[in-house]
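Asker: Data: upload31.cif, mmCIF, C-alpha atoms.
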```cif
data_upload
#
loop_
_atom_site.label_atom_id
_atom_site.label_comp_id
_atom_site.auth_asym_id
_atom_site.auth_seq_id
_atom_site.Cartn_x
_atom_site.Cartn_y
_atom_site.Cartn_z
CA MET A 1 69.11 122.43 58.45
CA ALA A 2 67.75 121.95 61.94
CA GLU A 3 70.19 122.72 64.72
CA THR A 4 71.36 119.83 66.86
CA ALA A 5 70.73 120.28 70.57
CA PRO A 6 73.99 120.70 72.48
CA LYS A 7 75.09 117.56 74.28
CA LYS A 8 74.51 117.82 78.00
CA LYS A 9 77.76 117.64 79.91
CA ARG A 10 77.86 115.01 82.61
CA LYS A 11 78.34 116.28 86.13
CA TYR A 12 81.81 115.55 87.47
CA LEU A 13 81.63 113.60 90.73
CA TYR A 14 84.42 114.95 92.91
CA GLU A 15 83.30 112.58 95.65
CA VAL A 16 84.49 109.65 93.52
CA ASP A 17 88.01 111.12 93.50
CA ILE A 18 88.36 110.88 97.27
CA MET A 19 86.74 107.44 97.26
CA ARG A 20 89.36 106.18 94.81
CA ILE A 21 92.14 107.50 97.03
CA ILE A 22 90.71 105.95 100.21
CA PHE A 23 90.27 102.59 98.54
CA ILE A 24 93.70 102.46 96.86
CA PHE A 25 95.43 103.65 100.03
CA GLY A 26 93.54 100.91 101.86
CA VAL A 27 94.73 98.30 99.34
CA LEU A 28 98.36 99.30 99.93
CA LEU A 29 97.87 99.30 103.71
CA ASN A 30 96.37 95.82 103.50
CA HIS A 31 99.29 94.46 101.49
CA THR A 32 101.90 96.33 103.55
CA THR A 33 100.66 94.86 106.83
CA THR A 34 100.72 91.42 105.20
CA ALA A 35 104.39 91.99 104.35
CA PHE A 36 105.11 92.85 107.99
CA THR A 37 103.42 89.70 109.24
CA HIS A 38 105.76 87.68 107.02
CA ALA A 39 108.76 89.39 108.65
CA MET A 40 107.66 88.43 112.17
CA THR A 41 109.02 85.27 113.75
CA ASP A 42 106.79 84.49 116.74
CA ALA A 43 103.56 83.14 115.28
CA THR A 44 101.84 83.13 118.68
CA GLY A 45 103.21 86.43 119.98
CA TRP A 46 100.96 89.37 120.73
CA ALA A 47 102.40 91.54 117.94
CA HIS A 48 101.85 88.95 115.24
CA THR A 49 98.45 87.94 116.56
CA SER A 50 97.31 91.58 116.83
CA LEU A 51 98.27 92.22 113.22
CA LEU A 52 96.45 89.12 112.01
CA ALA A 53 93.34 89.89 114.05
CA THR A 54 92.96 93.40 112.60
CA HIS A 55 93.38 92.30 109.00
CA LEU A 56 89.66 92.06 108.28
CA LEU A 57 89.16 95.65 109.38
CA ILE A 58 90.88 96.91 106.20
CA HIS A 59 89.70 94.15 103.89
CA PHE A 60 86.84 96.17 102.39
CA THR A 61 88.89 97.87 99.68
CA ARG A 62 88.45 95.20 97.01
CA MET A 63 84.67 95.52 97.14
CA GLY A 64 84.94 99.30 97.19
CA PHE A 65 86.70 99.27 93.84
CA MET A 66 84.06 96.92 92.43
CA PHE A 67 81.39 99.42 93.50
CA ILE A 68 83.21 102.38 91.93
CA THR A 69 83.71 100.44 88.70
CA GLY A 70 79.99 99.76 88.41
CA LEU A 71 79.13 103.37 89.25
CA VAL A 72 81.55 104.96 86.78
CA LEU A 73 80.79 102.57 83.92
CA THR A 74 77.08 103.27 84.30
CA LEU A 75 77.64 107.01 84.48
CA ASN A 76 79.66 106.98 81.26
CA TYR A 77 77.98 104.32 79.12
CA TYR A 78 74.41 103.68 80.25
CA HIS A 79 72.82 105.91 77.61
CA ARG A 80 75.34 105.49 74.78
CA ASP A 81 74.33 102.09 73.35
CA ASP A 82 77.61 101.92 71.42
CA TRP A 83 79.00 98.63 72.62
CA PRO A 84 81.71 98.14 69.93
CA THR A 85 83.32 101.40 71.04
CA PHE A 86 82.84 100.44 74.69
CA PHE A 87 84.60 97.10 74.24
CA LYS A 88 87.41 98.60 72.19
CA LYS A 89 88.16 101.33 74.71
CA ARG A 90 87.69 99.38 77.92
CA PHE A 91 89.54 96.22 76.88
CA ALA A 92 92.45 98.26 75.56
CA GLY A 93 92.54 100.45 78.68
CA SER A 94 92.73 97.48 81.03
CA GLY A 95 94.07 94.72 78.79
CA TRP A 96 97.35 96.29 77.72
CA PRO A 97 98.40 97.25 81.27
CA TYR A 98 97.46 93.75 82.43
CA LEU A 99 99.61 92.04 79.81
CA LEU A 100 102.55 94.43 80.16
CA TRP A 101 102.69 94.32 83.96
CA ASN A 102 102.55 90.53 84.01
CA ILE A 103 105.56 90.47 81.69
CA ILE A 104 107.48 93.28 83.43
CA LEU A 105 107.00 91.97 86.95
CA LEU A 106 107.77 88.38 86.01
CA VAL A 107 110.94 89.38 84.16
CA GLY A 108 111.99 91.51 87.11
CA SER A 109 111.30 88.70 89.56
CA CYS A 110 113.41 86.27 87.53
CA LEU A 111 116.26 88.79 87.21
CA LEU A 112 116.26 89.32 90.99
CA GLY A 113 115.93 85.62 91.70
CA LEU A 114 112.77 86.09 93.76
CA PRO A 115 111.20 82.74 94.67
CA PRO A 116 109.37 80.91 93.29
CA PHE A 117 110.09 82.52 89.90
CA THR A 118 112.82 81.12 87.65
CA TRP A 119 113.78 81.47 83.98
CA LYS A 120 113.24 77.74 83.58
CA THR A 121 109.53 78.10 84.34
CA PHE A 122 109.14 81.57 82.83
CA TRP A 123 106.78 80.76 79.96
CA PRO A 124 104.46 78.38 81.85
CA THR A 125 104.29 80.88 84.72
CA LEU A 126 103.58 83.79 82.38
CA THR A 127 100.89 81.86 80.53
CA SER A 128 99.23 80.84 83.79
CA ALA A 129 99.48 84.39 85.17
CA ILE A 130 97.84 85.92 82.10
CA LEU A 131 95.08 83.31 81.91
CA HIS A 132 94.31 83.17 85.64
CA GLY A 133 95.39 86.53 87.10
CA ASP A 134 97.07 84.71 89.96
CA GLN A 135 100.26 86.78 90.26
CA PHE A 136 101.20 90.28 91.44
CA TYR A 137 97.73 91.22 92.75
CA LEU A 138 96.43 91.53 89.18
CA TYR A 139 93.32 89.40 89.74
CA TYR A 140 91.16 92.53 89.93
CA ILE A 141 91.77 93.24 86.25
CA VAL A 142 90.67 89.73 85.30
CA VAL A 143 87.43 90.32 87.19
CA THR A 144 87.03 93.71 85.53
CA LEU A 145 87.51 92.26 82.05
CA GLN A 146 84.73 89.78 82.80
CA LEU A 147 82.54 92.66 83.93
CA TYR A 148 83.06 94.42 80.59
CA VAL A 149 81.58 91.38 78.87
CA LEU A 150 78.59 91.35 81.21
CA PHE A 151 78.02 95.09 81.48
CA PRO A 152 75.71 95.39 78.41
CA PHE A 153 73.48 92.75 80.03
CA ILE A 154 73.48 94.68 83.33
CA VAL A 155 72.38 97.78 81.43
CA LEU A 156 69.69 95.78 79.65
CA LEU A 157 68.48 94.40 82.98
CA PHE A 158 68.08 97.86 84.49
CA LYS A 159 66.34 99.15 81.36
CA LYS A 160 63.91 96.24 81.13
CA VAL A 161 63.09 95.86 84.83
CA LYS A 162 61.65 99.15 86.02
CA ASN A 163 61.71 98.23 89.71
CA HIS A 164 65.39 98.88 90.40
CA ASN A 165 64.88 98.40 94.13
CA ALA A 166 63.88 94.82 93.41
CA ILE A 167 67.02 94.27 91.33
CA LEU A 168 69.19 95.54 94.18
CA ALA A 169 67.33 93.46 96.79
CA VAL A 170 67.57 90.24 94.77
CA SER A 171 71.26 90.93 94.10
CA ALA A 172 71.90 91.44 97.83
CA LEU A 173 70.15 88.19 98.76
CA LEU A 174 72.05 86.36 96.04
CA GLN A 175 75.34 87.80 97.30
CA LEU A 176 74.53 86.71 100.84
CA ALA A 177 73.80 83.19 99.59
CA ILE A 178 77.04 83.11 97.56
CA VAL A 179 79.34 84.16 100.41
CA THR A 180 77.57 81.87 102.88
CA PHE A 181 78.07 78.92 100.56
CA ILE A 182 81.72 79.85 99.99
CA LYS A 183 82.46 80.31 103.70
CA TYR A 184 80.88 77.12 105.00
CA ARG A 185 81.11 74.70 102.08
CA TYR A 186 82.73 75.62 98.80
CA GLN A 187 86.18 76.74 99.97
CA PHE A 188 86.68 73.34 101.63
CA MET A 189 85.43 71.24 98.72
CA ASP A 190 87.72 69.41 96.29
CA ARG A 191 87.67 71.67 93.22
CA SER A 192 90.64 70.15 91.41
CA ASN A 193 88.50 68.75 88.58
CA LEU A 194 86.51 71.94 88.03
CA PRO A 195 87.34 74.60 85.41
CA TRP A 196 89.60 77.28 86.92
CA TRP A 197 86.95 79.99 86.52
CA VAL A 198 84.58 77.97 88.71
CA ALA A 199 87.18 76.63 91.12
CA SER A 200 88.88 80.01 91.66
CA TYR A 201 85.88 81.85 93.03
CA GLY A 202 88.01 84.87 93.94
CA ILE A 203 88.52 85.60 90.24
CA ASN A 204 84.93 84.89 89.20
CA VAL A 205 82.93 88.04 88.42
CA PHE A 206 79.72 86.55 89.85
CA THR A 207 81.36 86.37 93.28
CA TYR A 208 81.24 90.18 93.29
CA GLN A 209 77.98 90.72 91.40
CA PHE A 210 76.28 92.77 94.14
CA TYR A 211 78.94 95.47 94.23
CA PHE A 212 78.71 96.07 90.48
CA ILE A 213 74.90 96.09 90.65
CA PHE A 214 75.08 98.41 93.66
CA GLY A 215 77.31 100.82 91.74
CA THR A 216 74.92 100.80 88.79
CA TYR A 217 71.95 101.41 91.10
CA VAL A 218 73.63 104.35 92.83
CA SER A 219 74.60 105.89 89.49
CA LEU A 220 71.01 105.73 88.19
CA HIS A 221 69.45 106.99 91.45
CA TYR A 222 72.24 109.28 92.51
CA ASN A 223 70.25 112.16 93.96
CA ALA A 224 67.90 109.87 95.88
CA VAL A 225 70.79 107.84 97.35
CA LEU A 226 72.63 111.06 98.18
CA ALA A 227 69.60 112.45 100.01
CA TRP A 228 69.10 109.16 101.90
CA LEU A 229 72.75 109.02 102.92
CA ARG A 230 72.78 112.61 104.16
CA LYS A 231 69.71 111.87 106.25
CA TRP A 232 70.89 108.57 107.74
CA HIS A 233 74.66 109.03 107.73
CA ARG A 234 74.97 108.94 111.54
CA TRP A 235 73.39 105.49 111.63
CA VAL A 236 75.47 104.30 108.68
CA ILE A 237 78.72 105.52 110.19
CA GLY A 238 77.81 104.19 113.64
CA ILE A 239 77.08 100.71 112.28
CA THR A 240 80.27 100.81 110.23
CA ILE A 241 82.39 101.68 113.27
CA ALA A 242 80.72 99.00 115.39
CA MET A 243 81.23 96.38 112.70
CA SER A 244 84.85 97.42 112.16
CA PHE A 245 85.58 96.72 115.83
CA GLY A 246 83.54 93.55 115.48
CA THR A 247 85.94 92.16 112.87
CA VAL A 248 88.44 91.37 115.65
CA PRO A 249 86.25 89.00 117.72
CA TYR A 250 84.86 87.70 114.42
CA TYR A 251 88.40 86.70 113.41
CA PHE A 252 88.97 84.85 116.68
CA TRP A 253 85.57 83.17 116.33
CA ASN A 254 86.65 81.91 112.91
CA ARG A 255 89.95 80.67 114.30
CA ASP A 256 89.06 79.33 117.75
CA VAL A 257 85.44 78.24 117.36
CA LEU A 258 85.20 77.22 113.71
CA GLY A 259 88.82 76.08 113.60
CA TYR A 260 89.62 77.93 110.38
CA ALA A 261 93.19 78.56 109.25
CA HIS A 262 94.21 82.21 109.00
CA SER A 263 93.68 82.42 105.23
CA TYR A 264 90.09 81.24 105.62
CA ALA A 265 89.49 83.40 108.69
CA VAL A 266 90.39 86.60 106.82
CA SER A 267 88.62 85.76 103.57
CA PRO A 268 86.54 88.66 102.23
CA HIS A 269 83.92 86.15 101.09
CA GLN A 270 81.95 85.89 104.34
CA PRO A 271 78.41 86.97 105.31
CA TYR A 272 79.70 89.33 108.01
CA MET A 273 82.12 90.93 105.57
CA PHE A 274 79.37 91.37 102.96
CA VAL A 275 77.38 93.51 105.39
CA TYR A 276 80.48 95.29 106.70
CA ASP A 277 81.77 96.04 103.19
CA THR A 278 78.41 97.50 102.16
CA PHE A 279 78.28 99.83 105.14
CA MET A 280 81.93 100.77 104.68
CA ILE A 281 81.28 101.66 101.03
CA LEU A 282 78.41 103.91 102.13
CA THR A 283 80.61 105.50 104.80
CA VAL A 284 83.40 106.20 102.33
CA PHE A 285 80.79 107.54 99.92
CA PHE A 286 79.61 109.96 102.60
CA ILE A 287 83.22 111.07 103.22
CA GLY A 288 83.43 111.74 99.50
CA LEU A 289 80.27 113.84 99.65
CA LYS A 290 81.69 115.88 102.52
CA TYR A 291 84.86 116.43 100.49
CA ALA A 292 82.76 117.64 97.53
CA ASP A 293 80.90 120.02 99.87
CA TRP A 294 84.19 121.27 101.28
CA ARG A 295 85.50 121.88 97.79
CA LYS A 296 82.50 124.09 96.96
CA HIS A 297 83.13 126.33 99.93
CA GLY A 298 86.87 126.74 99.63
CA ILE A 299 89.57 124.14 100.05
CA PRO A 300 93.36 124.43 100.34
CA LYS A 301 94.82 124.22 96.85
CA GLY A 302 97.32 121.59 97.94
CA VAL A 303 94.59 119.26 99.19
CA GLU A 304 92.56 119.63 96.01
CA THR A 305 95.62 119.01 93.83
CA PHE A 306 96.61 115.94 95.83
CA VAL A 307 93.14 114.41 95.60
CA LYS A 308 92.82 115.21 91.88
CA ASN A 309 96.22 113.77 90.99
CA GLY A 310 95.88 110.79 93.31
CA SER A 311 92.58 109.88 91.69
CA LYS A 312 94.09 110.11 88.21
CA VAL A 313 96.85 107.62 88.99
CA SER A 314 94.98 105.36 91.43
CA PHE A 315 94.82 102.58 88.82
CA GLY A 316 98.54 103.00 88.20
CA ILE A 317 99.25 102.75 91.93
CA TYR A 318 97.35 99.48 92.00
CA LEU A 319 99.32 98.14 89.04
CA ASP A 320 102.82 99.07 90.23
CA GLN A 321 102.37 98.38 93.96
CA THR A 322 104.34 95.13 93.68
CA ILE A 323 107.53 97.12 93.13
CA GLY A 324 107.18 99.06 96.38
CA LEU A 325 106.15 95.95 98.29
CA THR A 326 109.13 94.03 96.90
CA ILE A 327 111.53 96.77 97.99
CA LEU A 328 109.96 96.75 101.46
CA GLY A 329 110.27 92.97 101.64
CA TYR A 330 113.92 93.20 100.63
CA LEU A 331 114.76 95.79 103.29
CA MET A 332 113.02 94.31 106.32
CA PRO A 333 115.34 91.29 106.90
CA PHE A 334 118.26 93.70 107.34
CA LEU A 335 116.59 95.28 110.37
CA HIS A 336 116.74 92.22 112.65
CA LEU A 337 113.99 93.60 114.88
CA PRO A 338 111.77 91.88 117.42
CA ASP A 339 108.17 91.48 116.32
CA TRP A 340 107.00 94.53 118.27
CA GLY A 341 109.63 96.58 116.42
CA TYR A 342 108.14 95.60 113.07
CA LEU A 343 104.71 96.49 114.41
CA VAL A 344 105.92 99.98 115.35
CA LEU A 345 107.53 100.45 111.93
CA ILE A 346 104.35 99.76 109.94
CA PRO A 347 103.65 103.49 109.33
CA VAL A 348 107.20 103.93 107.98
CA GLY A 349 106.91 100.89 105.72
CA TYR A 350 103.48 102.01 104.56
CA ALA A 351 104.79 105.47 103.70
CA LEU A 352 107.63 103.88 101.74
CA VAL A 353 105.35 101.63 99.69
CA LEU A 354 102.85 104.42 99.13
CA GLY A 355 105.52 106.92 98.13
CA ILE A 356 107.20 104.55 95.66
CA SER A 357 103.90 103.45 94.14
CA PHE A 358 102.60 107.01 93.77
CA ALA A 359 105.87 108.32 92.31
CA LEU A 360 106.07 105.54 89.73
CA ALA A 361 102.42 105.94 88.71
CA TRP A 362 102.88 109.70 88.36
CA PHE A 363 106.00 109.17 86.23
CA PHE A 364 104.10 106.80 83.94
CA TYR A 365 101.23 109.29 83.73
CA LYS A 366 103.43 112.24 82.76
CA VAL A 367 106.20 110.70 80.64
CA PRO A 368 105.43 109.22 77.18
CA PRO A 369 105.10 106.47 76.19
CA PHE A 370 104.77 104.93 79.65
CA GLY A 371 101.17 106.03 80.09
CA ILE A 372 100.10 102.80 78.40
CA LEU A 373 101.29 100.97 81.52
CA ILE A 374 98.53 102.58 83.59
CA GLY A 375 95.78 102.76 81.00
CA ARG A 376 96.47 106.42 80.17
CA PRO A 377 98.52 106.36 76.95
CA GLN A 378 99.94 109.69 75.84
CA TRP A 379 100.22 108.53 72.24
CA HIS A 380 97.20 107.18 70.34
CA ILE A 381 98.91 105.81 67.26
CA LEU A 382 95.95 103.71 66.17
CA LYS A 383 93.26 106.25 66.94
CA LYS A 384 91.17 107.03 63.89
CA ASN A 385 89.09 110.02 62.83
CA ARG A 386 91.41 112.63 64.29
CA LYS A 387 90.63 116.18 63.23
CA PRO A 388 93.12 117.46 60.65
CA LYS A 389 95.50 120.14 61.81
CA GLY A 390 93.80 123.52 61.78
CA ALA A 391 90.28 122.11 61.75
CA ILE A 392 87.64 124.15 63.53
CA ALA A 393 86.06 122.37 66.46
CA LYS A 394 82.30 122.02 66.20
#
```
What is this file in structure tokens?
Answerer:
Amino acid sequence: MAETAPKKKRKYLYEVDIMRIIFIFGVLLNHTTTAFTHAMTDATGWAHTSLLATHLLIHFTRMGFMFITGLVLTLNYYHRDDWPTFFKKRFAGSGWPYLLWNIILLVGSCLLGLPPFTWKTFWPTLTSAILHGDQFYLYYIVVTLQLYVLFPFIVLLFKKVKNHNAILAVSALLQLAIVTFIKYRYQFMDRSNLPWWVASYGINVFTYQFYFIFGTYVSLHYNAVLAWLRKWHRWVIGITIAMSFGTVPYYFWNRDVLGYAHSYAVSPHQPYMFVYDTFMILTVFFIGLKYADWRKHGIPKGVETFVKNGSKVSFGIYLDQTIGLTILGYLMPFLHLPDWGYLVLIPVGYALVLGISFALAWFFYKVPPFGILIGRPQWHILKKNRKPKGAIAK
């Protein structure tokens, strides 16, 4: 019998670990600062205005996770062509946590009497939350589940069209057109008679199509992108820094010139933010590469352990963040501080939310059977084709 060639082991991308941590820490910072703005009382004061004006600066994290999702899915499944297994694993890994956290957080909110949740409206609220992803920051999973459906077609596109640069360019132009239309027209249109998936553009996978395509492109041309980024990183980082400072006058331009309300002014679906997010993703990618280089040449064990463990539970941190944010929101009214006092306390509040979220995610990761809550079940009761006890691995 002819020997089967050993399966080539995929290279582990340590740079993705640090990227996951940066993006999830950014998500929590974004939501923590939002909680502090709600605690402030002077809507026109300098503290409140400063916090609002800097919100766009950290609003790149959503797109960063979209990019990583496209990159990792392509790395793991591009050459497998086993879509039944893909759907089974990916929908279970994201679907069960999505359902369970919607139930857990809604039950907890009703028990604590947190507005607007009540037992009277429990079932309609739960049904709407599961169908629409409009509660507890869980919209990202709804977008991801849509991506799983489309991913085989993305793979087919890249396999059929040999000019991958053209795919990326067309995707970028399409993304620019989408966010321009959303910013200047669509978000102000009457969408009440449209299906929710069309009306709620923030939960529509096509609103984020470029970042998934970008992740797939980088995965397939990894060495070339890496070499390009190492060569041009000073320009990339410089543009990123300039655009990050530019988000502040951009916010005031949205408010004072265009007359947008705050929610529209800080929307991630804007042409400026599309360019900024792309450069920020490349900058964070470069930071990840520098971390991987550092790791090769000796790194403190504590740093490596923190990054490794943080990456493992980053999805769990995203899922359970509502608990930490709720605790922070409960504590702040007891402080009775002026607005500048809340501004000063942001690092403390951020550390609290981050610590609670990390600790809970780590608990779920380590203690059975709670791993199912973060997509890392310790028990695989339904898993088939397990090797019998004592079997020799081949």
Asker: Taking the file as shown, what set of residues would the PyMOL selection byres ((chain A and resi 74) around 10) give back, as a VMD selection string?
Answerer: chain A and resid 68 to 73 75 to 80 151 to 152 154 to 155 212 to 213 215 to 220
Asker: Fewer than 2 positions away in the same chain doesn't count, so skip those; otherwise give me all residues within 7 Å of stretch 226-237 of chain A, counting all atoms listed in the file, as a compact mmCIF listing (two decimals) with C-alpha atoms, in the frame of the given file.
Answerer:
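See result_18.txt below for the written result:
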```txt
# COMPACT_ATOMS: atom_id res chain seq x y z
CA TYR A 222 72.24 109.28 92.51
CA ASN A 223 70.25 112.16 93.96
CA ALA A 224 67.90 109.87 95.88
CA ILE A 239 77.08 100.71 112.28
CA THR A 240 80.27 100.81 110.23
CA ILE A 241 82.39 101.68 113.27
CA PHE A 279 78.28 99.83 105.14
CA THR A 283 80.61 105.50 104.80
CA PHE A 286 79.61 109.96 102.60
```
Asker: For atom CA of A:Phe87 and atom CA of A:Leu99, determine how far apart the two atoms are, in Å to one decimal place.
Answerer: 16.8 Å
Asker: Do you know which residues are at most 10 Å from A:Lys308 counting all atoms listed in the file, after dropping those on the same chain fewer than 5 positions away, and could you put them as a list in words?
Answerer: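 So the residues in contact are Tyr14, Asp17, Ile18, Ile21, Gly302, Val303 and Val313 of chain A.
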Asker: Let's have the selection written as a CSV table (one decimal), in the coordinates of the input, with C-alpha atoms.
Answerer:
```csv
chain,number,residue,atom,x,y,z
A,14,TYR,CA,84.4,115.0,92.9
A,17,ASP,CA,88.0,111.1,93.5
A,18,ILE,CA,88.4,110.9,97.3
A,21,ILE,CA,92.1,107.5,97.0
A,302,GLY,CA,97.3,121.6,97.9
A,303,VAL,CA,94.6,119.3,99.2
A,313,VAL,CA,96.8,107.6,89.0
```
Asker: Would you pick out the contacts of A:Asn102 at 12 Å or less, using all atoms listed in the file, so that residues sharing its chain but fewer than 6 positions from it are not included, and give the list as a VMD selection string?
Answerer: chain A and resid 95 to 96 108 to 109 122 to 123 125 to 139 141 to 142 319 to 320 322 373
Asker: From the set A:Ser200, A:Thr37, A:Gln146, A:Gln187, which residue has the shortest atom-to-atom contact distance to A:Leu345, counting all atoms listed in the file?
Answerer: A:Thr37
